[in-house]
>>> print(open('data_26.cif').read())   # mmCIF, C-alpha atoms and all ligand atoms
data_structure
#
loop_
_atom_site.group_PDB
_atom_site.id
_atom_site.type_symbol
_atom_site.label_atom_id
_atom_site.label_comp_id
_atom_site.auth_asym_id
_atom_site.auth_seq_id
_atom_site.Cartn_x
_atom_site.Cartn_y
_atom_site.Cartn_z
ATOM 1 C CA MET X 29 -10.740 -9.232 22.090
ATOM 2 C CA ALA X 30 -9.238 -8.355 18.780
ATOM 3 C CA VAL X 31 -9.992 -7.906 15.131
ATOM 4 C CA ARG X 32 -8.063 -10.684 13.418
ATOM 5 C CA ASP X 33 -6.800 -11.013 9.851
ATOM 6 C CA ILE X 34 -9.158 -12.973 7.612
ATOM 7 C CA LEU X 35 -7.493 -15.655 5.487
ATOM 8 C CA LYS X 36 -8.134 -15.467 1.756
ATOM 9 C CA MET X 37 -8.942 -18.236 -0.690
ATOM 10 C CA GLY X 38 -5.754 -20.026 -1.685
ATOM 11 C CA ASP X 39 -4.603 -20.362 1.921
ATOM 12 C CA ALA X 40 -4.422 -24.094 2.672
ATOM 13 C CA ARG X 41 -5.770 -23.510 6.187
ATOM 14 C CA LEU X 42 -9.186 -22.783 4.650
ATOM 15 C CA LEU X 43 -9.278 -26.306 3.215
ATOM 16 C CA ARG X 44 -8.892 -28.235 6.467
ATOM 17 C CA ILE X 45 -11.581 -30.300 8.174
ATOM 18 C CA ALA X 46 -12.004 -28.449 11.466
ATOM 19 C CA LYS X 47 -11.741 -30.315 14.757
ATOM 20 C CA PRO X 48 -14.654 -30.500 17.198
ATOM 21 C CA VAL X 49 -14.497 -28.446 20.383
ATOM 22 C CA THR X 50 -14.067 -30.810 23.335
ATOM 23 C CA ALA X 51 -14.179 -28.402 26.300
ATOM 24 C CA PHE X 52 -16.918 -25.780 26.786
ATOM 25 C CA ASP X 53 -17.012 -22.617 28.891
ATOM 26 C CA THR X 54 -13.228 -22.213 28.775
ATOM 27 C CA ASP X 55 -11.265 -18.959 28.533
ATOM 28 C CA VAL X 56 -9.759 -20.129 25.244
ATOM 29 C CA LEU X 57 -13.184 -20.727 23.683
ATOM 30 C CA HIS X 58 -14.687 -17.470 24.995
ATOM 31 C CA LEU X 59 -11.708 -15.475 23.673
ATOM 32 C CA LEU X 60 -12.020 -17.159 20.279
ATOM 33 C CA VAL X 61 -15.715 -16.237 20.151
ATOM 34 C CA LEU X 62 -14.973 -12.596 21.046
ATOM 35 C CA ASP X 63 -12.364 -12.422 18.291
ATOM 36 C CA LEU X 64 -14.779 -13.941 15.772
ATOM 37 C CA LEU X 65 -17.536 -11.479 16.705
ATOM 38 C CA ASP X 66 -15.168 -8.483 16.653
ATOM 39 C CA THR X 67 -13.740 -9.533 13.289
ATOM 40 C CA MET X 68 -17.172 -10.205 11.771
ATOM 41 C CA ARG X 69 -18.451 -6.814 12.923
ATOM 42 C CA ALA X 70 -15.374 -4.960 11.696
ATOM 43 C CA ALA X 71 -15.738 -6.557 8.267
ATOM 44 C CA GLN X 72 -19.535 -6.049 8.254
ATOM 45 C CA GLY X 73 -19.941 -9.739 7.534
ATOM 46 C CA ALA X 74 -23.093 -11.801 7.881
ATOM 47 C CA GLY X 75 -21.059 -14.573 9.471
ATOM 48 C CA LEU X 76 -17.571 -15.870 10.135
ATOM 49 C CA ALA X 77 -16.063 -19.284 10.809
ATOM 50 C CA ALA X 78 -13.034 -20.020 12.998
ATOM 51 C CA PRO X 79 -10.978 -21.434 10.073
ATOM 52 C CA GLN X 80 -11.224 -18.007 8.415
ATOM 53 C CA ILE X 81 -9.017 -16.594 11.175
ATOM 54 C CA GLY X 82 -6.749 -19.631 11.090
ATOM 55 C CA VAL X 83 -8.290 -21.516 14.019
ATOM 56 C CA ASP X 84 -8.900 -25.181 13.257
ATOM 57 C CA LEU X 85 -12.046 -25.639 15.371
ATOM 58 C CA GLN X 86 -15.752 -26.141 14.660
ATOM 59 C CA VAL X 87 -16.963 -22.694 15.725
ATOM 60 C CA VAL X 88 -19.023 -20.289 13.634
ATOM 61 C CA VAL X 89 -20.722 -16.970 14.378
ATOM 62 C CA PHE X 90 -23.433 -15.334 12.323
ATOM 63 C CA GLY X 91 -26.307 -12.896 12.433
ATOM 64 C CA SER X 92 -26.742 -9.551 14.091
ATOM 65 C CA GLY X 93 -30.313 -9.584 15.303
ATOM 66 C CA GLU X 94 -31.054 -6.548 13.148
ATOM 67 C CA SER X 95 -30.952 -5.487 9.536
ATOM 68 C CA ILE X 96 -27.659 -3.967 8.502
ATOM 69 C CA ALA X 97 -27.405 -1.140 5.994
ATOM 70 C CA ARG X 98 -24.894 -3.133 3.990
ATOM 71 C CA TYR X 99 -27.552 -5.726 3.104
ATOM 72 C CA PRO X 100 -30.958 -4.169 3.692
ATOM 73 C CA HIS X 101 -32.878 -6.842 1.812
ATOM 74 C CA ALA X 102 -31.768 -9.675 4.061
ATOM 75 C CA PRO X 103 -34.126 -10.433 6.957
ATOM 76 C CA PRO X 104 -32.569 -10.247 10.429
ATOM 77 C CA VAL X 105 -30.864 -13.382 11.690
ATOM 78 C CA PRO X 106 -30.382 -13.732 15.454
ATOM 79 C CA ARG X 107 -26.792 -13.320 16.523
ATOM 80 C CA THR X 108 -25.610 -16.840 17.142
ATOM 81 C CA VAL X 109 -22.447 -18.597 18.239
ATOM 82 C CA LEU X 110 -22.613 -22.207 17.100
ATOM 83 C CA VAL X 111 -20.124 -24.864 18.175
ATOM 84 C CA ASN X 112 -19.845 -28.363 16.687
ATOM 85 C CA PRO X 113 -22.784 -27.822 14.319
ATOM 86 C CA VAL X 114 -24.724 -30.514 12.505
ATOM 87 C CA ILE X 115 -27.022 -29.606 9.612
ATOM 88 C CA THR X 116 -29.940 -31.742 8.491
ATOM 89 C CA PRO X 117 -31.622 -30.679 5.217
ATOM 90 C CA LEU X 118 -35.420 -30.683 5.455
ATOM 91 C CA GLY X 119 -38.331 -30.325 3.112
ATOM 92 C CA GLU X 120 -40.171 -31.995 0.316
ATOM 93 C CA PRO X 121 -38.318 -33.667 -2.547
ATOM 94 C CA ASP X 122 -38.310 -31.610 -5.736
ATOM 95 C CA ALA X 123 -38.909 -32.936 -9.257
ATOM 96 C CA SER X 124 -35.394 -34.334 -9.495
ATOM 97 C CA GLY X 125 -35.788 -36.292 -6.276
ATOM 98 C CA GLY X 126 -33.507 -34.031 -4.238
ATOM 99 C CA LEU X 127 -34.638 -31.675 -1.519
ATOM 100 C CA ARG X 128 -35.745 -28.232 -2.600
ATOM 101 C CA GLU X 129 -32.972 -25.746 -3.053
ATOM 102 C CA ASP X 130 -32.993 -21.974 -3.350
ATOM 103 C CA GLU X 131 -30.571 -19.946 -5.425
ATOM 104 C CA ASP X 132 -29.286 -16.586 -4.289
ATOM 105 C CA TRP X 133 -26.221 -14.400 -4.397
ATOM 106 C CA GLU X 134 -23.441 -14.995 -1.892
ATOM 107 C CA GLY X 135 -20.123 -13.467 -1.082
ATOM 108 C CA CYS X 136 -17.437 -14.445 1.390
ATOM 109 C CA LEU X 137 -14.971 -12.438 3.454
ATOM 110 C CA SER X 138 -12.308 -14.946 2.330
ATOM 111 C CA VAL X 139 -13.171 -14.308 -1.332
ATOM 112 C CA PRO X 140 -13.289 -10.498 -1.368
ATOM 113 C CA GLY X 141 -14.809 -8.536 -4.214
ATOM 114 C CA LEU X 142 -16.699 -11.422 -5.811
ATOM 115 C CA ARG X 143 -20.262 -12.712 -5.798
ATOM 116 C CA ALA X 144 -21.961 -15.780 -7.226
ATOM 117 C CA VAL X 145 -25.339 -17.448 -7.261
ATOM 118 C CA VAL X 146 -25.103 -20.479 -4.985
ATOM 119 C CA PRO X 147 -27.687 -23.246 -4.530
ATOM 120 C CA ARG X 148 -28.510 -24.070 -0.900
ATOM 121 C CA PHE X 149 -31.123 -26.205 0.816
ATOM 122 C CA ALA X 150 -34.186 -24.043 1.321
ATOM 123 C CA ARG X 151 -34.990 -25.406 4.789
ATOM 124 C CA ILE X 152 -32.718 -27.017 7.362
ATOM 125 C CA ARG X 153 -32.523 -28.077 10.968
ATOM 126 C CA TYR X 154 -29.291 -27.233 12.702
ATOM 127 C CA THR X 155 -28.063 -28.413 16.032
ATOM 128 C CA GLY X 156 -24.956 -27.745 18.060
ATOM 129 C CA PHE X 157 -23.907 -25.956 21.211
ATOM 130 C CA ASP X 158 -23.335 -22.463 22.479
ATOM 131 C CA PRO X 159 -19.945 -21.697 24.085
ATOM 132 C CA TYR X 160 -21.294 -22.747 27.497
ATOM 133 C CA GLY X 161 -22.229 -26.191 26.219
ATOM 134 C CA ASP X 162 -25.979 -25.544 26.085
ATOM 135 C CA ARG X 163 -27.696 -27.200 23.162
ATOM 136 C CA ILE X 164 -28.978 -25.238 20.155
ATOM 137 C CA ASP X 165 -31.667 -26.828 17.962
ATOM 138 C CA ARG X 166 -33.367 -24.712 15.307
ATOM 139 C CA THR X 167 -35.358 -25.260 12.135
ATOM 140 C CA VAL X 168 -34.916 -22.362 9.727
ATOM 141 C CA GLU X 169 -35.335 -21.408 6.102
ATOM 142 C CA GLY X 170 -34.394 -18.771 3.581
ATOM 143 C CA PHE X 171 -31.525 -16.396 4.313
ATOM 144 C CA HIS X 172 -30.965 -17.781 7.817
ATOM 145 C CA ALA X 173 -30.609 -21.307 6.384
ATOM 146 C CA ARG X 174 -28.270 -20.004 3.667
ATOM 147 C CA VAL X 175 -25.947 -18.261 6.135
ATOM 148 C CA VAL X 176 -25.700 -21.346 8.340
ATOM 149 C CA GLN X 177 -24.907 -23.604 5.378
ATOM 150 C CA HIS X 178 -22.287 -21.143 4.120
ATOM 151 C CA GLU X 179 -20.556 -20.868 7.508
ATOM 152 C CA CYS X 180 -20.654 -24.596 8.237
ATOM 153 C CA ASP X 181 -19.101 -25.262 4.817
ATOM 154 C CA HIS X 182 -16.019 -23.431 6.113
ATOM 155 C CA LEU X 183 -15.664 -26.192 8.733
ATOM 156 C CA VAL X 184 -15.237 -28.841 6.036
ATOM 157 C CA GLY X 185 -12.916 -26.873 3.798
ATOM 158 C CA MET X 186 -15.628 -25.746 1.372
ATOM 159 C CA LEU X 187 -15.703 -22.215 -0.026
ATOM 160 C CA TYR X 188 -18.790 -21.055 -1.905
ATOM 161 C CA PRO X 189 -17.104 -21.049 -5.371
ATOM 162 C CA MET X 190 -16.889 -24.835 -4.987
ATOM 163 C CA ARG X 191 -20.725 -24.889 -4.865
ATOM 164 C CA VAL X 192 -21.300 -22.734 -7.950
ATOM 165 C CA ARG X 193 -23.038 -24.552 -10.792
ATOM 166 C CA ASP X 194 -23.573 -21.703 -13.248
ATOM 167 C CA PHE X 195 -20.371 -19.738 -13.728
ATOM 168 C CA LYS X 196 -22.240 -17.202 -15.847
ATOM 169 C CA ARG X 197 -23.520 -15.911 -12.533
ATOM 170 C CA PHE X 198 -20.133 -15.453 -10.874
ATOM 171 C CA GLY X 199 -18.223 -12.197 -11.023
ATOM 172 C CA PHE X 200 -16.939 -9.058 -9.441
ATOM 173 C CA THR X 201 -19.357 -7.243 -7.133
ATOM 174 C CA GLU X 202 -18.560 -3.841 -8.663
ATOM 175 C CA VAL X 203 -19.439 -5.165 -12.132
ATOM 176 C CA LEU X 204 -22.478 -7.225 -11.156
ATOM 177 C CA PHE X 205 -23.960 -4.587 -8.837
ATOM 178 C CA PRO X 206 -22.526 -1.239 -9.893
ATOM 179 C CA GLY X 207 -22.846 1.356 -7.178
ATOM 180 C CA LEU X 208 -24.573 -1.075 -4.848
ATOM 181 C CA ASP X 209 -22.872 -3.320 -2.351
ATOM 182 C CA ALA X 210 -26.024 -4.782 -0.927
ATOM 183 C CA THR X 211 -25.486 -8.512 -1.045
ATOM 184 C CA PRO X 212 -24.146 -10.284 2.007
ATOM 185 C CA ASP X 213 -20.478 -11.061 2.579
ATOM 186 C CA GLU X 214 -20.623 -14.188 4.665
HETATM 187 NI NI NI Y 1 -17.459 -17.335 3.926
#
>>> encode(input="data_26.cif", output="structure tokens")
Amino acid sequence: MAVRDILKMGDARLLRIAKPVTAFDTDVLHLLVLDLLDTMRAAQGAGLAAPQIGVDLQVVVFGSGESIARYPHAPPVPRTVLVNPVITPLGEPDASGGLREDEDWEGCLSVPGLRAVVPRFARIRYTGFDPYGDRIDRTVEGFHARVVQHECDHLVGMLYPMRVRDFKRFGFTEVLFPGLDATPDE
């Protein structure tokens, strides 16, 4: 168990396509998960993906099961370890023919000090496995869906600035939200 250094945007390791985990319930996988959880907690993050600590595997952690003072407006998301995730967007098509998206502010522990409004699918199903190889299958919406999409993007080399459409709503946290650091760092 250890708090690991979090890679910052510009590091090529954040741009890799992560490899699937092929062996479950191993010491190596359990130690990776402990490091991810320790590092996420230490940074007060809403989630963390293995590539952010330099590990090229499809493993993400997110949620805390309770509201955290750092982002009091976000509803609780169950603490989850998700291996080899697959996301399926759900919902009714919107006027443009795409599935409905929500816009909200996001940050990222690999992009410190910044926030932007990022479009995400409003409702998704996600599947995958826990570290023991047991299947996870959930249909979620809102903040929970946003966190999962953000973390899984890290597994395909996507950082949230790559998803920003309106750069007028992209800036430094201290300027956008003076005196208030209440939006999630994912
Ligand atoms: Ni992130």
>>> residues_around(input="data_26.cif", residues="range 176-186 of chain X", least_positions_apart="2", cutoff="6 Å", atoms="all atoms listed in the file", output="number ranges by chain")
X: 42-46, 77, 86, 173-174
>>> closest_atom_pairs(input="data_26.cif", of="chain X", to="ligand NI 1 (chain Y)", cutoff="9 Å", atoms="all atoms listed in the file", output="JSON lines")
{"residue": "X:Gly73", "atom": "CA", "partner": "Y:NI1", "partner_atom": "NI", "distance": 8.8}
{"residue": "X:Ala74", "atom": "CA", "partner": "Y:NI1", "partner_atom": "NI", "distance": 8.8}
{"residue": "X:Gly75", "atom": "CA", "partner": "Y:NI1", "partner_atom": "NI", "distance": 7.2}
{"residue": "X:Leu76", "atom": "CA", "partner": "Y:NI1", "partner_atom": "NI", "distance": 6.4}
{"residue": "X:Ala77", "atom": "CA", "partner": "Y:NI1", "partner_atom": "NI", "distance": 7.3}
{"residue": "X:Gln80", "atom": "CA", "partner": "Y:NI1", "partner_atom": "NI", "distance": 7.7}
{"residue": "X:Glu134", "atom": "CA", "partner": "Y:NI1", "partner_atom": "NI", "distance": 8.7}
{"residue": "X:Gly135", "atom": "CA", "partner": "Y:NI1", "partner_atom": "NI", "distance": 6.9}
{"residue": "X:Cys136", "atom": "CA", "partner": "Y:NI1", "partner_atom": "NI", "distance": 3.8}
{"residue": "X:Leu137", "atom": "CA", "partner": "Y:NI1", "partner_atom": "NI", "distance": 5.5}
{"residue": "X:Ser138", "atom": "CA", "partner": "Y:NI1", "partner_atom": "NI", "distance": 5.9}
{"residue": "X:Val139", "atom": "CA", "partner": "Y:NI1", "partner_atom": "NI", "distance": 7.4}
{"residue": "X:Val175", "atom": "CA", "partner": "Y:NI1", "partner_atom": "NI", "distance": 8.8}
{"residue": "X:His178", "atom": "CA", "partner": "Y:NI1", "partner_atom": "NI", "distance": 6.2}
{"residue": "X:Glu179", "atom": "CA", "partner": "Y:NI1", "partner_atom": "NI", "distance": 5.9}
{"residue": "X:Asp181", "atom": "CA", "partner": "Y:NI1", "partner_atom": "NI", "distance": 8.1}
{"residue": "X:His182", "atom": "CA", "partner": "Y:NI1", "partner_atom": "NI", "distance": 6.6}
{"residue": "X:Met186", "atom": "CA", "partner": "Y:NI1", "partner_atom": "NI", "distance": 9.0}
{"residue": "X:Leu187", "atom": "CA", "partner": "Y:NI1", "partner_atom": "NI", "distance": 6.5}
{"residue": "X:Tyr188", "atom": "CA", "partner": "Y:NI1", "partner_atom": "NI", "distance": 7.0}
{"residue": "X:Asp213", "atom": "CA", "partner": "Y:NI1", "partner_atom": "NI", "distance": 7.1}
{"residue": "X:Glu214", "atom": "CA", "partner": "Y:NI1", "partner_atom": "NI", "distance": 4.5}
>>> closest_residue(input="data_26.cif", among="X:Thr67, X:Gln72, X:Thr50, X:Thr108", to="Ile164 in chain X", atoms="all atoms listed in the file")
X:Thr108
>>> residues_around(input="data_26.cif", residues="range 110-117 of chain X", least_positions_apart="3", cutoff="7 Å", atoms="only C-alpha atoms", output="ChimeraX atom specification")
/X:48-49,86-89,149,151-159
>>> residues_around(input="data_26.cif", residues="Asp84 in chain X", least_positions_apart="4", cutoff="7 Å", atoms="all atoms listed in the file", output="JSON, numbers by chain")
{"X": [46, 47, 78, 79]}
>>> atom_distance(input="data_26.cif", atom1="CA of Leu64 in chain X", atom2="CA of Gly199 in chain X")
27.1 Å
>>> axis_aligned_box(input="data_26.cif", around="range 54-67 of chain X", padding_each_side="8 Å", output="lines of an AutoDock Vina configuration file")
center_x = -13.6
center_y = -15.3
center_z = 21.0
size_x = 23.8
size_y = 29.7
size_z = 31.5
>>> atom_distance(input="data_26.cif", atom1="CA of Glu120 in chain X", atom2="CA of Glu169 in chain X")
13.0 Å
>>> residues_around(input="data_26.cif", residues="Trp133 in chain X", least_positions_apart="6", cutoff="7 Å", atoms="only C-alpha atoms", output="list of chain:residue names")
X:Arg143, X:Ala144, X:Val145, X:Val146, X:Thr211
>>> atom_distance(input="data_26.cif", atom1="CA of Ala123 in chain X", atom2="CA of Arg193 in chain X")
18.0 Å
